[in-house]
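Have a look at the structure below, then the notes.
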Amino acid sequence: MPAKTTTATRKPPARRRKPVPRARIGKGLTVPKTVPLHARLGMRMALIAAAQMDAHKSTVMTRKDAAILRMTHEGCPTCHGNGQIFTKGKDGAFTGSKPCPAKPTKAKASRVKVALAARFSPDKRTGLVGWTCPCGKREKPKFRDAKEATKALRDHEKKRHGGKSVGGAWYGQGVDQPATAPKLVTAGEPVTKTDTTSSMTDEEWEAQNTPLGQKAAANRGVCFCCGGKGALYSARNSQHITTVCPICTGSGKHRADQNTP
């Protein structure tokens, strides 16, 4: 009777881990008012430190996930070693990210190399997504994908802008590509022109401005600042001035970075 032969089980290639909810240190704890003042101050400082430690731990875990993707997709012609693909709109604006559909080039990554890459490597933010707000607040790339970055942007709007949308954009850092935040307003001086043949009054001239809300402009596919006209109208002492819209640069079209993702 021939001897039985056993085939070695093949280890499946490494896959991207899904985010799992992690217990936050100090969650649900409050500072009682019955304790002395110095004890309350100490408790508040402890809760603040716990929140910062939890945020740092979550950021490091996200960097580890990105490092695993880079190592297992090293030399991949589809994502160029990034582990995921950043998508862009027709105007070149960043629209989101998606996992690389190609098969990983390596089955596993060293735990030591992953830990070092997540903490000390200059590419520790590569493959992650950040966001920027017109108010000047800017978050460095530390989110797994655009969905997680959107949640953080919504939290910022609730705290800083009362829950109202003021416009924002994502930006990602790829392999051999620095993380540069997109420009929300076109740089450079606007082009102006004075109309000397108009018979309108100053009020009638300025009434040509038709600005729209962010949502309405996005639905119509036009610029929210000029309402799709590509120009802004101002008047002073019967001097009528037409200015090229600095947001759409005169095209009147909607851009992906004009409103929140």
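Residues are referred to by chain and number: the chain letter is A, B, ... according to the order shown in the structure tokens, the number counts from 1 in that chain, and ligands are numbered separately from 1 in the order shown.
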
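Omitting range 234-236 of chain A and its sequence neighbours fewer than 3 positions away, and counting only C-alpha atoms, the residues within 8 Å are A:Asp202, A:Glu203, A:Trp205, A:Glu206, A:Gln239, A:His240, A:Ile241, A:Thr242, A:Thr243.
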
Long-range neighbours of Ala149 in chain A as a list in words, 7 Å cut-off, only C-alpha atoms, 6 positions minimum in chain: Val129, Gly130, Trp131 and Phe143 of chain A

query: What is the distance, in Å and to one decimal place, between CA of Lys151 in chain A and CA of Arg111 in chain A?
result: 29.4 Å

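Among the candidates A:Gly83, A:Gly221, A:Gly228, A:Gly250, the one nearest to Gln173 in chain A when counting only C-alpha atoms is A:Gly83.
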
field: Nearest to Lys215 in chain A by atom-to-atom distance, counting only C-alpha atoms, from A:Thr34, A:Ser58, A:Ser165, A:Asn82
entry: A:Ser165

- prompt: At what distance in Å, to one decimal, does CA of His254 in chain A lie from CA of Arg138 in chain A?
  reply: 22.8 Å

query: Residues of range 133-238 of chain A in alpha helix (DSSP H) according to DSSP, as a PyMOL selection string?
result: chain A and resi 146-160+202-206+214-220

Write the selection just made, keeping C-alpha atoms, as a JSON list (two decimals), in the first residue's frame?
[["chain", "number", "residue", "atom", "x", "y", "z"],
["A", 146, "ALA", "CA", -11.13, 59.31, 2.71],
["A", 147, "LYS", "CA", -14.10, 58.04, 4.73],
["A", 148, "GLU", "CA", -12.19, 58.30, 8.01],
["A", 149, "ALA", "CA", -10.85, 61.73, 7.01],
["A", 150, "THR", "CA", -14.39, 62.91, 6.31],
["A", 151, "LYS", "CA", -15.47, 61.95, 9.85],
["A", 152, "ALA", "CA", -12.66, 64.04, 11.31],
["A", 153, "LEU", "CA", -13.58, 66.95, 9.03],
["A", 154, "ARG", "CA", -17.20, 66.74, 10.20],
["A", 155, "ASP", "CA", -16.06, 66.83, 13.85],
["A", 156, "HIS", "CA", -13.99, 69.92, 13.12],
["A", 157, "GLU", "CA", -16.99, 71.63, 11.51],
["A", 158, "LYS", "CA", -19.14, 70.87, 14.57],
["A", 159, "LYS", "CA", -16.59, 72.33, 16.97],
["A", 160, "ARG", "CA", -15.33, 75.28, 14.93],
["A", 202, "ASP", "CA", -24.81, 100.85, -9.38],
["A", 203, "GLU", "CA", -27.56, 98.76, -7.76],
["A", 204, "GLU", "CA", -28.59, 97.18, -11.07],
["A", 205, "TRP", "CA", -24.97, 96.41, -11.93],
["A", 206, "GLU", "CA", -24.30, 94.65, -8.59],
["A", 214, "GLN", "CA", -22.48, 75.01, -1.62],
["A", 215, "LYS", "CA", -25.09, 72.27, -2.04],
["A", 216, "ALA", "CA", -27.12, 74.06, -4.73],
["A", 217, "ALA", "CA", -23.97, 74.85, -6.72],
["A", 218, "ALA", "CA", -22.82, 71.23, -6.55],
["A", 219, "ASN", "CA", -26.22, 69.99, -7.78],
["A", 220, "ARG", "CA", -26.15, 72.38, -10.75]]

message: as a PyMOL selection string, please: every residue in range 14-248 of chain A that a backbone DSSP assignment puts in strand (DSSP E).
response: chain A and resi 84-88+94-99+129-132+138-143+169-172+192-195+231-236+239-244

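Straight-line separation from CA of Arg125 in chain A to CA of Glu139 in chain A: 11.8 Å.
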
Near-Arg70 in chain A list (7 Å; only C-alpha atoms; drop same-chain fewer than 3 positions) as a count of residues only: 7

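The nearest approach to Thr87 in chain A among the residues A:Ser121, A:Val31, A:Gly172, A:Lys57, with only C-alpha atoms taken into account, belongs to A:Gly172.
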
field: Proximity to Arg119 in chain A - best of A:Thr62, A:Thr196, A:Gln84, A:Ser97, only C-alpha atoms
entry: A:Thr62

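Considering only C-alpha atoms, the residue among A:Ala118, A:Ile85, A:Val35, A:Cys245 positioned nearest to Ala102 in chain A is A:Ile85.
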
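Shortest atom-to-atom contact with Thr95 in chain A among A:Ile68, A:His80, A:Met200, A:Tyr171: A:Tyr171, counting only C-alpha atoms.
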